[in-house]
$ cat protein.csv   # CSV, C-alpha atoms
chain,number,residue,atom,x,y,z
Q,1,MET,CA,9.8,56.3,4.6
Q,2,ALA,CA,10.3,53.9,1.7
Q,3,ARG,CA,10.7,55.6,-1.7
Q,4,TRP,CA,8.2,54.8,-4.4
Q,5,GLN,CA,9.2,51.7,-6.4
Q,6,PRO,CA,8.2,51.8,-10.1
Q,7,ASN,CA,6.0,48.8,-11.1
Q,8,ALA,CA,6.5,47.1,-7.8
Q,9,PRO,CA,3.3,45.0,-8.0
Q,10,GLU,CA,4.2,43.7,-11.5
Q,11,ARG,CA,7.8,43.0,-10.5
Q,12,LEU,CA,6.6,41.0,-7.5
Q,13,VAL,CA,4.1,39.0,-9.5
Q,14,VAL,CA,6.7,38.1,-12.1
Q,15,ALA,CA,9.3,37.2,-9.5
Q,16,ALA,CA,6.8,35.1,-7.5
Q,17,LEU,CA,5.6,33.2,-10.6
Q,18,ASP,CA,9.2,32.4,-11.6
Q,19,LEU,CA,10.1,31.2,-8.2
Q,20,PHE,CA,7.0,29.1,-7.8
Q,21,ALA,CA,7.7,27.5,-11.2
Q,22,GLU,CA,11.4,26.9,-10.3
Q,23,ARG,CA,11.2,25.7,-6.7
Q,24,GLY,CA,7.6,25.0,-6.1
Q,25,TYR,CA,5.0,27.2,-4.3
Q,26,GLU,CA,5.6,25.6,-0.9
Q,27,SER,CA,9.3,26.2,-0.9
Q,28,THR,CA,9.1,29.9,-1.9
Q,29,THR,CA,8.9,32.6,0.8
Q,30,VAL,CA,7.8,36.2,0.7
Q,31,ILE,CA,11.4,37.2,1.4
Q,32,ASP,CA,12.6,35.1,-1.6
Q,33,ILE,CA,10.0,36.9,-3.8
Q,34,ALA,CA,11.0,40.4,-2.6
Q,35,GLU,CA,14.7,39.6,-3.1
Q,36,ARG,CA,14.2,38.3,-6.6
Q,37,ALA,CA,12.2,41.4,-7.5
Q,38,GLY,CA,14.9,43.6,-6.0
Q,39,LEU,CA,12.4,44.9,-3.4
Q,40,THR,CA,11.9,44.7,0.4
Q,41,LYS,CA,9.6,42.5,2.3
Q,42,SER,CA,7.7,45.5,3.5
Q,43,THR,CA,7.2,46.6,-0.1
Q,44,PHE,CA,5.7,43.2,-0.7
Q,45,PHE,CA,3.2,43.6,2.1
Q,46,ARG,CA,2.2,47.0,0.9
Q,47,HIS,CA,0.8,45.3,-2.2
Q,48,PHE,CA,-0.2,41.8,-1.2
Q,49,PRO,CA,-1.4,40.2,2.0
Q,50,ASP,CA,0.5,36.9,1.4
Q,51,LYS,CA,2.3,34.9,-1.3
Q,52,ARG,CA,-0.8,33.2,-2.4
Q,53,GLU,CA,-2.6,36.4,-3.4
Q,54,VAL,CA,0.2,37.4,-5.7
Q,55,LEU,CA,-1.3,34.9,-8.2
Q,56,PHE,CA,-4.8,36.3,-7.8
Q,57,ALA,CA,-4.3,40.0,-8.1
Q,58,GLY,CA,-6.6,41.7,-10.6
Q,59,GLY,CA,-9.4,39.2,-10.2
Q,60,GLY,CA,-11.8,42.1,-9.3
Q,61,SER,CA,-11.0,44.0,-12.5
Q,62,MET,CA,-11.6,40.9,-14.6
Q,63,ALA,CA,-15.0,40.6,-13.1
Q,64,ASP,CA,-15.7,44.3,-13.9
Q,65,VAL,CA,-14.6,43.8,-17.6
Q,66,LEU,CA,-16.8,40.8,-17.9
Q,67,ALA,CA,-19.8,42.6,-16.4
Q,68,GLU,CA,-19.3,45.6,-18.6
Q,69,GLY,CA,-19.0,43.5,-21.7
Q,70,ILE,CA,-22.3,41.7,-20.8
Q,71,ALA,CA,-23.9,45.1,-20.2
Q,72,ALA,CA,-22.8,46.4,-23.6
Q,73,ALA,CA,-24.2,43.4,-25.5
Q,74,PRO,CA,-27.1,44.3,-27.9
Q,75,ASP,CA,-30.5,44.3,-26.3
Q,76,THR,CA,-31.6,41.5,-28.6
Q,77,ALA,CA,-28.8,39.2,-27.5
Q,78,ALA,CA,-29.9,36.0,-25.7
Q,79,PRO,CA,-28.4,35.5,-22.3
Q,80,LEU,CA,-25.6,33.2,-23.3
Q,81,GLU,CA,-24.8,35.4,-26.3
Q,82,ALA,CA,-24.6,38.4,-23.9
Q,83,VAL,CA,-22.0,36.4,-21.8
Q,84,ALA,CA,-20.1,35.8,-25.0
Q,85,HIS,CA,-19.8,39.6,-25.4
Q,86,GLY,CA,-18.4,39.6,-21.9
Q,87,LEU,CA,-15.8,37.1,-22.9
Q,88,ASP,CA,-14.9,39.1,-26.0
Q,89,ALA,CA,-14.2,42.0,-23.7
Q,90,VAL,CA,-12.0,39.8,-21.5
Q,91,GLY,CA,-10.1,38.8,-24.6
Q,92,ARG,CA,-9.6,42.5,-25.6
Q,93,GLU,CA,-8.7,43.9,-22.1
Q,94,VAL,CA,-7.4,41.1,-19.9
Q,95,PHE,CA,-6.3,38.0,-21.7
Q,96,VAL,CA,-4.4,39.9,-24.3
Q,97,PRO,CA,-1.8,38.1,-26.4
Q,98,ALA,CA,1.1,39.6,-24.4
Q,99,ARG,CA,-0.3,37.9,-21.3
Q,100,ARG,CA,-0.5,34.4,-22.7
Q,101,ALA,CA,2.9,33.1,-21.6
Q,102,PHE,CA,2.4,34.5,-18.1
Q,103,ALA,CA,-1.1,32.9,-17.9
Q,104,THR,CA,0.3,29.6,-19.1
Q,105,LYS,CA,3.0,29.5,-16.4
Q,106,ARG,CA,0.4,30.6,-13.8
Q,107,GLN,CA,-1.9,27.8,-14.8
Q,108,THR,CA,0.9,25.2,-14.4
Q,109,VAL,CA,1.8,26.5,-11.0
Q,110,ILE,CA,-1.9,26.5,-9.9
Q,111,ALA,CA,-2.5,23.0,-11.2
Q,112,ALA,CA,0.3,21.6,-9.1
Q,113,ASN,CA,-1.0,22.8,-5.7
Q,114,PRO,CA,-4.3,21.9,-4.1
Q,115,GLU,CA,-4.5,25.2,-2.0
Q,116,LEU,CA,-4.0,27.2,-5.2
Q,117,ARG,CA,-6.6,25.2,-7.0
Q,118,GLU,CA,-9.1,25.9,-4.2
Q,119,ARG,CA,-8.3,29.6,-4.4
Q,120,GLU,CA,-8.7,29.6,-8.2
Q,121,ALA,CA,-12.1,27.9,-7.8
Q,122,LEU,CA,-13.2,30.6,-5.4
Q,123,LYS,CA,-12.1,33.3,-7.8
Q,124,GLY,CA,-14.3,31.5,-10.4
Q,125,ILE,CA,-17.3,31.9,-8.0
Q,126,ASP,CA,-16.7,35.7,-7.9
Q,127,LEU,CA,-16.7,35.8,-11.7
Q,128,THR,CA,-19.9,33.9,-11.9
Q,129,ALA,CA,-21.5,36.3,-9.4
Q,130,ALA,CA,-20.4,39.2,-11.6
Q,131,MET,CA,-21.9,37.5,-14.7
Q,132,ALA,CA,-25.2,36.8,-12.8
Q,133,GLY,CA,-25.4,40.4,-11.7
Q,134,ALA,CA,-24.8,41.7,-15.2
Q,135,LEU,CA,-27.5,39.4,-16.7
Q,136,ARG,CA,-30.0,40.4,-14.0
Q,137,SER,CA,-29.4,44.0,-14.9
Q,138,ARG,CA,-30.4,43.1,-18.4
Q,139,GLY,CA,-33.8,41.9,-17.1
Q,140,VAL,CA,-32.9,38.2,-17.5
Q,141,SER,CA,-35.0,36.0,-15.0
Q,142,ASP,CA,-33.3,34.2,-12.1
Q,143,VAL,CA,-33.2,30.7,-13.5
Q,144,ALA,CA,-32.4,31.8,-17.0
Q,145,SER,CA,-29.5,33.9,-15.8
Q,146,ARG,CA,-28.2,31.1,-13.6
Q,147,VAL,CA,-28.2,28.7,-16.6
Q,148,ALA,CA,-26.4,31.2,-18.8
Q,149,VAL,CA,-23.8,31.8,-16.1
Q,150,GLN,CA,-23.1,28.1,-15.6
Q,151,LEU,CA,-22.7,27.6,-19.4
Q,152,GLY,CA,-20.7,30.9,-19.7
Q,153,ALA,CA,-18.4,29.9,-16.9
Q,154,LEU,CA,-17.8,26.6,-18.6
Q,155,VAL,CA,-17.0,28.3,-21.9
Q,156,MET,CA,-14.6,30.6,-20.1
Q,157,LYS,CA,-12.8,27.7,-18.4
Q,158,ILE,CA,-12.5,25.6,-21.5
Q,159,ALA,CA,-11.2,28.7,-23.4
Q,160,TYR,CA,-8.7,29.5,-20.7
Q,161,GLU,CA,-7.4,26.0,-20.7
Q,162,ARG,CA,-7.0,25.9,-24.4
Q,163,TRP,CA,-5.6,29.5,-24.7
Q,164,THR,CA,-2.9,28.8,-22.1
Q,165,GLY,CA,-2.3,25.2,-23.3
Q,166,THR,CA,-1.1,25.8,-26.8
Q,167,ASP,CA,1.8,27.7,-28.5
Q,168,GLU,CA,-0.4,28.6,-31.4
Q,169,GLY,CA,-1.0,32.2,-30.4
Q,170,GLU,CA,-4.7,32.2,-31.1
Q,171,GLU,CA,-6.6,35.2,-29.6
Q,172,PHE,CA,-8.6,34.4,-26.4
Q,173,GLY,CA,-11.8,35.8,-28.0
Q,174,ASP,CA,-11.6,33.4,-30.9
Q,175,VAL,CA,-10.8,30.4,-28.6
Q,176,ALA,CA,-13.8,31.4,-26.5
Q,177,ARG,CA,-16.2,31.6,-29.5
Q,178,GLN,CA,-15.1,28.1,-30.6
Q,179,ALA,CA,-15.7,26.8,-27.1
Q,180,LEU,CA,-19.1,28.5,-27.1
Q,181,ALA,CA,-20.1,26.7,-30.3
Q,182,GLU,CA,-19.1,23.4,-28.8
Q,183,VAL,CA,-20.9,24.1,-25.5
Q,184,ARG,CA,-24.0,25.1,-27.5
Q,185,GLU,CA,-24.0,21.9,-29.4
Q,186,ALA,CA,-23.4,19.8,-26.4
Q,187,GLY,CA,-26.0,21.7,-24.5
Q,188,ALA,CA,-28.6,21.0,-27.1
Q,189,LEU,CA,-27.9,17.3,-26.9
Q,190,SER,CA,-27.8,17.3,-23.1
Q,191,LEU,CA,-31.1,19.0,-22.8
Q,192,ALA,CA,-32.7,16.5,-25.2
Z,1,MET,CA,-8.4,4.6,26.8
Z,2,ALA,CA,-11.6,6.4,26.1
Z,3,ARG,CA,-14.6,4.1,26.0
Z,4,TRP,CA,-16.7,4.0,22.9
Z,5,GLN,CA,-19.4,6.7,22.7
Z,6,PRO,CA,-22.6,5.7,21.0
Z,7,ASN,CA,-23.4,8.0,18.0
Z,8,ALA,CA,-20.7,10.4,18.9
Z,9,PRO,CA,-20.4,12.0,15.5
Z,10,GLU,CA,-24.1,12.5,15.1
Z,11,ARG,CA,-24.3,14.0,18.6
Z,12,LEU,CA,-21.4,16.4,17.8
Z,13,VAL,CA,-23.0,17.5,14.6
Z,14,VAL,CA,-26.3,18.3,16.2
Z,15,ALA,CA,-24.7,20.1,19.1
Z,16,ALA,CA,-22.5,22.1,16.8
Z,17,LEU,CA,-25.3,23.2,14.6
Z,18,ASP,CA,-27.5,24.2,17.5
Z,19,LEU,CA,-24.6,26.3,19.0
Z,20,PHE,CA,-23.8,27.9,15.6
Z,21,ALA,CA,-27.4,28.9,15.2
Z,22,GLU,CA,-27.7,30.2,18.8
Z,23,ARG,CA,-24.4,32.0,19.3
Z,24,GLY,CA,-22.9,32.3,15.8
Z,25,TYR,CA,-20.2,30.2,14.3
Z,26,GLU,CA,-17.3,32.5,15.3
Z,27,SER,CA,-18.4,32.5,19.0
Z,28,THR,CA,-18.6,28.7,19.3
Z,29,THR,CA,-15.5,26.7,20.4
Z,30,VAL,CA,-14.8,23.0,20.0
Z,31,ILE,CA,-15.0,22.7,23.8
Z,32,ASP,CA,-18.5,24.2,23.7
Z,33,ILE,CA,-19.6,21.7,21.1
Z,34,ALA,CA,-18.2,18.7,23.0
Z,35,GLU,CA,-19.8,19.9,26.3
Z,36,ARG,CA,-23.2,20.4,24.7
Z,37,ALA,CA,-22.9,16.9,23.2
Z,38,GLY,CA,-21.9,15.5,26.6
Z,39,LEU,CA,-18.6,14.4,25.2
Z,40,THR,CA,-14.9,15.3,25.6
Z,41,LYS,CA,-12.7,17.5,23.4
Z,42,SER,CA,-10.6,14.5,22.6
Z,43,THR,CA,-13.7,12.6,21.4
Z,44,PHE,CA,-14.5,15.6,19.1
Z,45,PHE,CA,-11.0,15.4,17.6
Z,46,ARG,CA,-11.3,11.7,17.0
Z,47,HIS,CA,-14.1,12.4,14.6
Z,48,PHE,CA,-13.4,15.9,13.2
Z,49,PRO,CA,-10.3,18.0,12.5
Z,50,ASP,CA,-11.9,21.3,13.5
Z,51,LYS,CA,-15.3,22.9,14.1
Z,52,ARG,CA,-15.8,23.8,10.5
Z,53,GLU,CA,-15.7,20.2,9.2
Z,54,VAL,CA,-18.5,19.2,11.5
Z,55,LEU,CA,-20.9,20.9,9.0
Z,56,PHE,CA,-19.3,19.1,6.0
Z,57,ALA,CA,-19.1,15.5,7.2
Z,58,GLY,CA,-20.6,13.0,4.8
Z,59,GLY,CA,-19.7,15.0,1.7
Z,60,GLY,CA,-17.8,12.1,0.3
Z,61,SER,CA,-20.7,9.7,0.6
Z,62,MET,CA,-23.1,12.1,-1.1
Z,63,ALA,CA,-20.7,12.2,-4.1
Z,64,ASP,CA,-20.8,8.4,-4.1
Z,65,VAL,CA,-24.6,8.3,-4.1
Z,66,LEU,CA,-24.7,10.8,-6.9
Z,67,ALA,CA,-22.2,8.9,-9.0
Z,68,GLU,CA,-23.9,5.6,-8.4
Z,69,GLY,CA,-27.3,7.0,-9.4
Z,70,ILE,CA,-25.8,8.4,-12.6
Z,71,ALA,CA,-24.2,5.0,-13.3
Z,72,ALA,CA,-27.5,3.2,-12.8
Z,73,ALA,CA,-29.5,5.5,-15.3
Z,74,PRO,CA,-30.8,3.7,-18.4
Z,75,ASP,CA,-28.2,3.5,-21.2
Z,76,THR,CA,-30.6,5.5,-23.4
Z,77,ALA,CA,-30.7,8.5,-20.9
Z,78,ALA,CA,-29.2,11.7,-22.3
Z,79,PRO,CA,-26.4,13.1,-20.0
Z,80,LEU,CA,-28.6,15.6,-18.1
Z,81,GLU,CA,-31.3,12.9,-17.7
Z,82,ALA,CA,-28.6,10.6,-16.2
Z,83,VAL,CA,-27.6,13.4,-13.7
Z,84,ALA,CA,-31.3,13.6,-12.8
Z,85,HIS,CA,-31.2,9.9,-11.9
Z,86,GLY,CA,-28.3,10.8,-9.6
Z,87,LEU,CA,-30.4,13.5,-8.0
Z,88,ASP,CA,-33.2,11.0,-7.5
Z,89,ALA,CA,-30.7,8.8,-5.7
Z,90,VAL,CA,-29.6,11.7,-3.5
Z,91,GLY,CA,-33.3,12.3,-2.6
Z,92,ARG,CA,-33.8,8.7,-1.6
Z,93,GLU,CA,-30.6,8.2,0.3
Z,94,VAL,CA,-29.2,11.5,1.6
Z,95,PHE,CA,-31.8,14.3,1.5
Z,96,VAL,CA,-34.5,12.2,3.0
Z,97,PRO,CA,-37.5,14.0,4.7
Z,98,ALA,CA,-36.1,13.4,8.2
Z,99,ARG,CA,-33.1,15.4,7.3
Z,100,ARG,CA,-34.8,18.5,6.0
Z,101,ALA,CA,-35.0,20.4,9.3
Z,102,PHE,CA,-31.4,19.8,9.9
Z,103,ALA,CA,-30.4,20.8,6.3
Z,104,THR,CA,-32.5,24.0,6.6
Z,105,LYS,CA,-30.7,25.0,9.8
Z,106,ARG,CA,-27.3,24.2,8.3
Z,107,GLN,CA,-28.1,26.3,5.2
Z,108,THR,CA,-28.9,29.3,7.4
Z,109,VAL,CA,-25.7,28.9,9.4
Z,110,ILE,CA,-23.6,28.6,6.2
Z,111,ALA,CA,-25.2,31.6,4.5
Z,112,ALA,CA,-24.3,33.8,7.5
Z,113,ASN,CA,-20.5,33.1,7.3
Z,114,PRO,CA,-18.1,33.8,4.4
Z,115,GLU,CA,-15.7,31.1,5.4
Z,116,LEU,CA,-18.4,28.5,5.5
Z,117,ARG,CA,-19.8,29.7,2.2
Z,118,GLU,CA,-16.3,29.1,0.7
Z,119,ARG,CA,-16.1,25.7,2.2
Z,120,GLU,CA,-19.6,24.9,0.8
Z,121,ALA,CA,-18.5,26.1,-2.6
Z,122,LEU,CA,-15.5,23.8,-2.5
Z,123,LYS,CA,-17.7,20.8,-1.5
Z,124,GLY,CA,-19.8,21.7,-4.6
Z,125,ILE,CA,-16.6,21.3,-6.7
Z,126,ASP,CA,-16.1,17.7,-5.3
Z,127,LEU,CA,-19.7,16.9,-6.3
Z,128,THR,CA,-19.2,18.2,-9.8
Z,129,ALA,CA,-16.1,16.1,-10.1
Z,130,ALA,CA,-18.0,13.0,-9.0
Z,131,MET,CA,-20.7,13.8,-11.6
Z,132,ALA,CA,-18.2,14.3,-14.4
Z,133,GLY,CA,-16.4,11.1,-13.6
Z,134,ALA,CA,-19.7,9.1,-13.6
Z,135,LEU,CA,-20.7,10.6,-17.0
Z,136,ARG,CA,-17.4,9.9,-18.6
Z,137,SER,CA,-17.8,6.3,-17.4
Z,138,ARG,CA,-21.0,6.2,-19.5
Z,139,GLY,CA,-19.0,7.2,-22.5
Z,140,VAL,CA,-20.2,10.9,-22.6
Z,141,SER,CA,-17.6,13.1,-24.4
Z,142,ASP,CA,-15.6,15.7,-22.5
Z,143,VAL,CA,-17.5,18.9,-23.4
Z,144,ALA,CA,-20.9,17.2,-23.2
Z,145,SER,CA,-20.2,15.8,-19.8
Z,146,ARG,CA,-19.0,19.2,-18.6
Z,147,VAL,CA,-22.2,20.9,-19.9
Z,148,ALA,CA,-24.4,18.3,-18.2
Z,149,VAL,CA,-22.4,18.7,-15.0
Z,150,GLN,CA,-22.8,22.5,-15.0
Z,151,LEU,CA,-26.5,22.2,-15.5
Z,152,GLY,CA,-26.9,19.3,-13.1
Z,153,ALA,CA,-25.0,21.2,-10.4
Z,154,LEU,CA,-27.4,24.2,-10.9
Z,155,VAL,CA,-30.4,21.9,-10.7
Z,156,MET,CA,-29.1,20.5,-7.5
Z,157,LYS,CA,-28.4,23.9,-6.0
Z,158,ILE,CA,-31.8,25.3,-6.9
Z,159,ALA,CA,-33.5,22.2,-5.5
Z,160,TYR,CA,-31.5,22.3,-2.3
Z,161,GLU,CA,-32.4,26.0,-1.8
Z,162,ARG,CA,-36.0,25.3,-2.3
Z,163,TRP,CA,-36.2,22.0,-0.4
Z,164,THR,CA,-34.6,23.7,2.7
Z,165,GLY,CA,-36.4,26.9,2.3
Z,166,THR,CA,-40.0,25.8,2.7
Z,167,ASP,CA,-42.1,24.0,5.3
Z,168,GLU,CA,-44.1,22.2,2.7
Z,169,GLY,CA,-42.4,18.9,3.2
Z,170,GLU,CA,-42.0,18.1,-0.5
Z,171,GLU,CA,-39.5,15.3,-1.3
Z,172,PHE,CA,-36.1,16.4,-2.6
Z,173,GLY,CA,-36.5,14.2,-5.7
Z,174,ASP,CA,-39.7,16.0,-6.7
Z,175,VAL,CA,-38.3,19.5,-6.1
Z,176,ALA,CA,-35.2,18.5,-8.2
Z,177,ARG,CA,-37.4,17.3,-11.1
Z,178,GLN,CA,-39.3,20.6,-11.1
Z,179,ALA,CA,-36.0,22.5,-11.0
Z,180,LEU,CA,-34.7,20.4,-13.9
Z,181,ALA,CA,-37.7,21.2,-16.0
Z,182,GLU,CA,-37.1,25.0,-15.4
Z,183,VAL,CA,-33.4,24.7,-16.2
Z,184,ARG,CA,-34.2,22.7,-19.4
Z,185,GLU,CA,-36.6,25.5,-20.5
Z,186,ALA,CA,-34.2,28.3,-19.6
Z,187,GLY,CA,-31.3,26.4,-21.2
Z,188,ALA,CA,-33.2,26.1,-24.5
Z,189,LEU,CA,-33.8,29.8,-24.5
Z,190,SER,CA,-30.3,30.6,-23.5
Z,191,LEU,CA,-28.8,28.5,-26.2
Z,192,ALA,CA,-30.9,30.2,-28.8
$ encode --input "protein.csv" --output "structure tokens"
Amino acid sequence: MARWQPNAPERLVVAALDLFAERGYESTTVIDIAERAGLTKSTFFRHFPDKREVLFAGGGSMADVLAEGIAAAPDTAAPLEAVAHGLDAVGREVFVPARRAFATKRQTVIAANPELREREALKGIDLTAAMAGALRSRGVSDVASRVAVQLGALVMKIAYERWTGTDEGEEFGDVARQALAEVREAGALSLA
Amino acid sequence: MARWQPNAPERLVVAALDLFAERGYESTTVIDIAERAGLTKSTFFRHFPDKREVLFAGGGSMADVLAEGIAAAPDTAAPLEAVAHGLDAVGREVFVPARRAFATKRQTVIAANPELREREALKGIDLTAAMAGALRSRGVSDVASRVAVQLGALVMKIAYERWTGTDEGEEFGDVARQALAEVREAGALSLA
């Protein structure tokens, strides 16, 4: 039986991302990733079903953080403001400053590959489902929660693009609040 | 050389949808579909790469109709109003009354299968890209066009659910205008 490998999932994620960035996603195999991480192929498959999923680990926990942040918003918060509380929580617990360099590299790898872009888009759908569920639990009506989710997802996407696209070291929560202000303003014009 | 088969793509689409509804998507093969349509497997593969794509034919032309409708909106139309003109065009040219029974059956088949739901979500991404491009051509700024696209996509989704979900025979354009009014109202509250 294989002995326990400390931090195996993290090491595999880092190795995979480095290899995807160096050689391209298509040209990297699971064996390459395991070797770079100093682990075996069977250790890889204990943690991930395939090389693609290495880049999407933790998606479920982000949905949970988002939903919990929305649930914890003050009762008086309007739907989109409640979503903003969810994004604050994501900034505190997931998109922490130490993760920015990793997230930036990941974003570049994903942008270069259509299959990865599709998978990322589907992850986005899971996140919107989590937001919608959290808003409904707050008693927000169906159409109102769907509107807030669409706008909240856009704020999250813009904030993620900006947070990973600069070297400025701004905190995700601040970038998200700025994006929210712009989306609010554009939304008011768009609804006119 | 195979002789030309009149309406082969349409016959294959109808046969596939009937079989998916009767037996389930998983249990239907390309050979089953071709046989039901009175055509050969090689005719099937001249028109579609696999059984899944039978349900997603014509997605590109819908994106074109949407984009052209947005481009044809009056210069004075706010971004979301321009998207509404795109949805009017979709109602006139794609989601015509004669198509409603088909669309309803298709919707039921897709809802029952996770792989089809993913593919449908990805088609939605193509449609939002078409909307975004059409709005930018109107000179709408980046954030404003993204907001209008998010809300427009939601209007389209709600309208499609309602249009396919009733026997009332309402026109898609009317259902979309009603959904737009609700999204506007909810948006105003959400942005508060």
$ interface_residues --input "protein.csv" --of "chain Q" --to "chain Z" --cutoff "10 Å" --atoms "only C-alpha atoms" --output "MDAnalysis selection string"
chainID Q and resid 77:82 118:119 121:122 125 141:155 158 179:192
$ write_last_selection --input "protein.csv" --atoms "C-alpha atoms" --output "short mmCIF file (atom, residue, chain, number, x, y, z; two decimals), keeping the file's coordinate frame"
data_model
loop_
_atom_site.label_atom_id
_atom_site.label_comp_id
_atom_site.auth_asym_id
_atom_site.auth_seq_id
_atom_site.Cartn_x
_atom_site.Cartn_y
_atom_site.Cartn_z
CA ALA Q 77 -28.80 39.20 -27.50
CA ALA Q 78 -29.90 36.00 -25.70
CA PRO Q 79 -28.40 35.50 -22.30
CA LEU Q 80 -25.60 33.20 -23.30
CA GLU Q 81 -24.80 35.40 -26.30
CA ALA Q 82 -24.60 38.40 -23.90
CA GLU Q 118 -9.10 25.90 -4.20
CA ARG Q 119 -8.30 29.60 -4.40
CA ALA Q 121 -12.10 27.90 -7.80
CA LEU Q 122 -13.20 30.60 -5.40
CA ILE Q 125 -17.30 31.90 -8.00
CA SER Q 141 -35.00 36.00 -15.00
CA ASP Q 142 -33.30 34.20 -12.10
CA VAL Q 143 -33.20 30.70 -13.50
CA ALA Q 144 -32.40 31.80 -17.00
CA SER Q 145 -29.50 33.90 -15.80
CA ARG Q 146 -28.20 31.10 -13.60
CA VAL Q 147 -28.20 28.70 -16.60
CA ALA Q 148 -26.40 31.20 -18.80
CA VAL Q 149 -23.80 31.80 -16.10
CA GLN Q 150 -23.10 28.10 -15.60
CA LEU Q 151 -22.70 27.60 -19.40
CA GLY Q 152 -20.70 30.90 -19.70
CA ALA Q 153 -18.40 29.90 -16.90
CA LEU Q 154 -17.80 26.60 -18.60
CA VAL Q 155 -17.00 28.30 -21.90
CA ILE Q 158 -12.50 25.60 -21.50
CA ALA Q 179 -15.70 26.80 -27.10
CA LEU Q 180 -19.10 28.50 -27.10
CA ALA Q 181 -20.10 26.70 -30.30
CA GLU Q 182 -19.10 23.40 -28.80
CA VAL Q 183 -20.90 24.10 -25.50
CA ARG Q 184 -24.00 25.10 -27.50
CA GLU Q 185 -24.00 21.90 -29.40
CA ALA Q 186 -23.40 19.80 -26.40
CA GLY Q 187 -26.00 21.70 -24.50
CA ALA Q 188 -28.60 21.00 -27.10
CA LEU Q 189 -27.90 17.30 -26.90
CA SER Q 190 -27.80 17.30 -23.10
CA LEU Q 191 -31.10 19.00 -22.80
CA ALA Q 192 -32.70 16.50 -25.20
#
$ atom_distance --input "protein.csv" --atom1 "CA of Tyr160 in chain Z" --atom2 "CA of Val13 in chain Z"
19.5 Å
$ atom_distance --input "protein.csv" --atom1 "CA of Val175 in chain Z" --atom2 "CA of Ala159 in chain Z"
5.5 Å
$ atom_distance --input "protein.csv" --atom1 "CA of Ala15 in chain Q" --atom2 "CA of Ala37 in chain Q"
5.5 Å
$ residues_near_point --input "protein.csv" --point "(0.1, 26.5, -6.4)" --cutoff "10 Å" --atoms "only C-alpha atoms" --output "CSV table (one decimal) with C-alpha atoms, keeping the file's coordinate frame"
chain,number,residue,atom,x,y,z
Q,17,LEU,CA,5.6,33.2,-10.6
Q,20,PHE,CA,7.0,29.1,-7.8
Q,21,ALA,CA,7.7,27.5,-11.2
Q,24,GLY,CA,7.6,25.0,-6.1
Q,25,TYR,CA,5.0,27.2,-4.3
Q,26,GLU,CA,5.6,25.6,-0.9
Q,52,ARG,CA,-0.8,33.2,-2.4
Q,55,LEU,CA,-1.3,34.9,-8.2
Q,106,ARG,CA,0.4,30.6,-13.8
Q,107,GLN,CA,-1.9,27.8,-14.8
Q,108,THR,CA,0.9,25.2,-14.4
Q,109,VAL,CA,1.8,26.5,-11.0
Q,110,ILE,CA,-1.9,26.5,-9.9
Q,111,ALA,CA,-2.5,23.0,-11.2
Q,112,ALA,CA,0.3,21.6,-9.1
Q,113,ASN,CA,-1.0,22.8,-5.7
Q,114,PRO,CA,-4.3,21.9,-4.1
Q,115,GLU,CA,-4.5,25.2,-2.0
Q,116,LEU,CA,-4.0,27.2,-5.2
Q,117,ARG,CA,-6.6,25.2,-7.0
Q,118,GLU,CA,-9.1,25.9,-4.2
Q,119,ARG,CA,-8.3,29.6,-4.4
Q,120,GLU,CA,-8.7,29.6,-8.2
$ closest_residue --input "protein.csv" --among "Z:Pro6, Z:Gly133, Z:Gly173, Z:Gly38" --to "Val96 in chain Z" --atoms "all atoms listed in the file"
Z:Gly173
$ build_atoms --input "protein.csv" --residues "range 123-129 of chain Z" --atoms "N, CA, C and O atoms" --output "PDB file, in the frame of the given file"
ATOM      1  N   LYS Z 123     -17.018  22.126  -1.560  1.00  0.00           N
ATOM      2  CA  LYS Z 123     -17.700  20.800  -1.500  1.00  0.00           C
ATOM      3  C   LYS Z 123     -18.473  20.637  -2.847  1.00  0.00           C
ATOM      4  O   LYS Z 123     -18.506  19.541  -3.415  1.00  0.00           O
ATOM      5  N   GLY Z 124     -19.064  21.736  -3.341  1.00  0.00           N
ATOM      6  CA  GLY Z 124     -19.800  21.700  -4.600  1.00  0.00           C
ATOM      7  C   GLY Z 124     -18.828  21.239  -5.749  1.00  0.00           C
ATOM      8  O   GLY Z 124     -19.229  20.508  -6.656  1.00  0.00           O
ATOM      9  N   ILE Z 125     -17.567  21.652  -5.671  1.00  0.00           N
ATOM     10  CA  ILE Z 125     -16.600  21.300  -6.700  1.00  0.00           C
ATOM     11  C   ILE Z 125     -16.332  19.761  -6.653  1.00  0.00           C
ATOM     12  O   ILE Z 125     -16.213  19.107  -7.683  1.00  0.00           O
ATOM     13  N   ASP Z 126     -16.274  19.204  -5.446  1.00  0.00           N
ATOM     14  CA  ASP Z 126     -16.100  17.700  -5.300  1.00  0.00           C
ATOM     15  C   ASP Z 126     -17.310  17.014  -5.946  1.00  0.00           C
ATOM     16  O   ASP Z 126     -17.154  15.979  -6.597  1.00  0.00           O
ATOM     17  N   LEU Z 127     -18.492  17.564  -5.711  1.00  0.00           N
ATOM     18  CA  LEU Z 127     -19.700  16.900  -6.300  1.00  0.00           C
ATOM     19  C   LEU Z 127     -19.677  16.973  -7.788  1.00  0.00           C
ATOM     20  O   LEU Z 127     -20.033  16.001  -8.455  1.00  0.00           O
ATOM     21  N   THR Z 128     -19.264  18.106  -8.343  1.00  0.00           N
ATOM     22  CA  THR Z 128     -19.200  18.200  -9.800  1.00  0.00           C
ATOM     23  C   THR Z 128     -18.181  17.237 -10.367  1.00  0.00           C
ATOM     24  O   THR Z 128     -18.391  16.644 -11.418  1.00  0.00           O
ATOM     25  N   ALA Z 129     -17.077  17.066  -9.654  1.00  0.00           N
ATOM     26  CA  ALA Z 129     -16.100  16.100 -10.100  1.00  0.00           C
ATOM     27  C   ALA Z 129     -16.628  14.697 -10.130  1.00  0.00           C
ATOM     28  O   ALA Z 129     -16.373  13.914 -11.060  1.00  0.00           O
TER      29      ALA Z 129
END
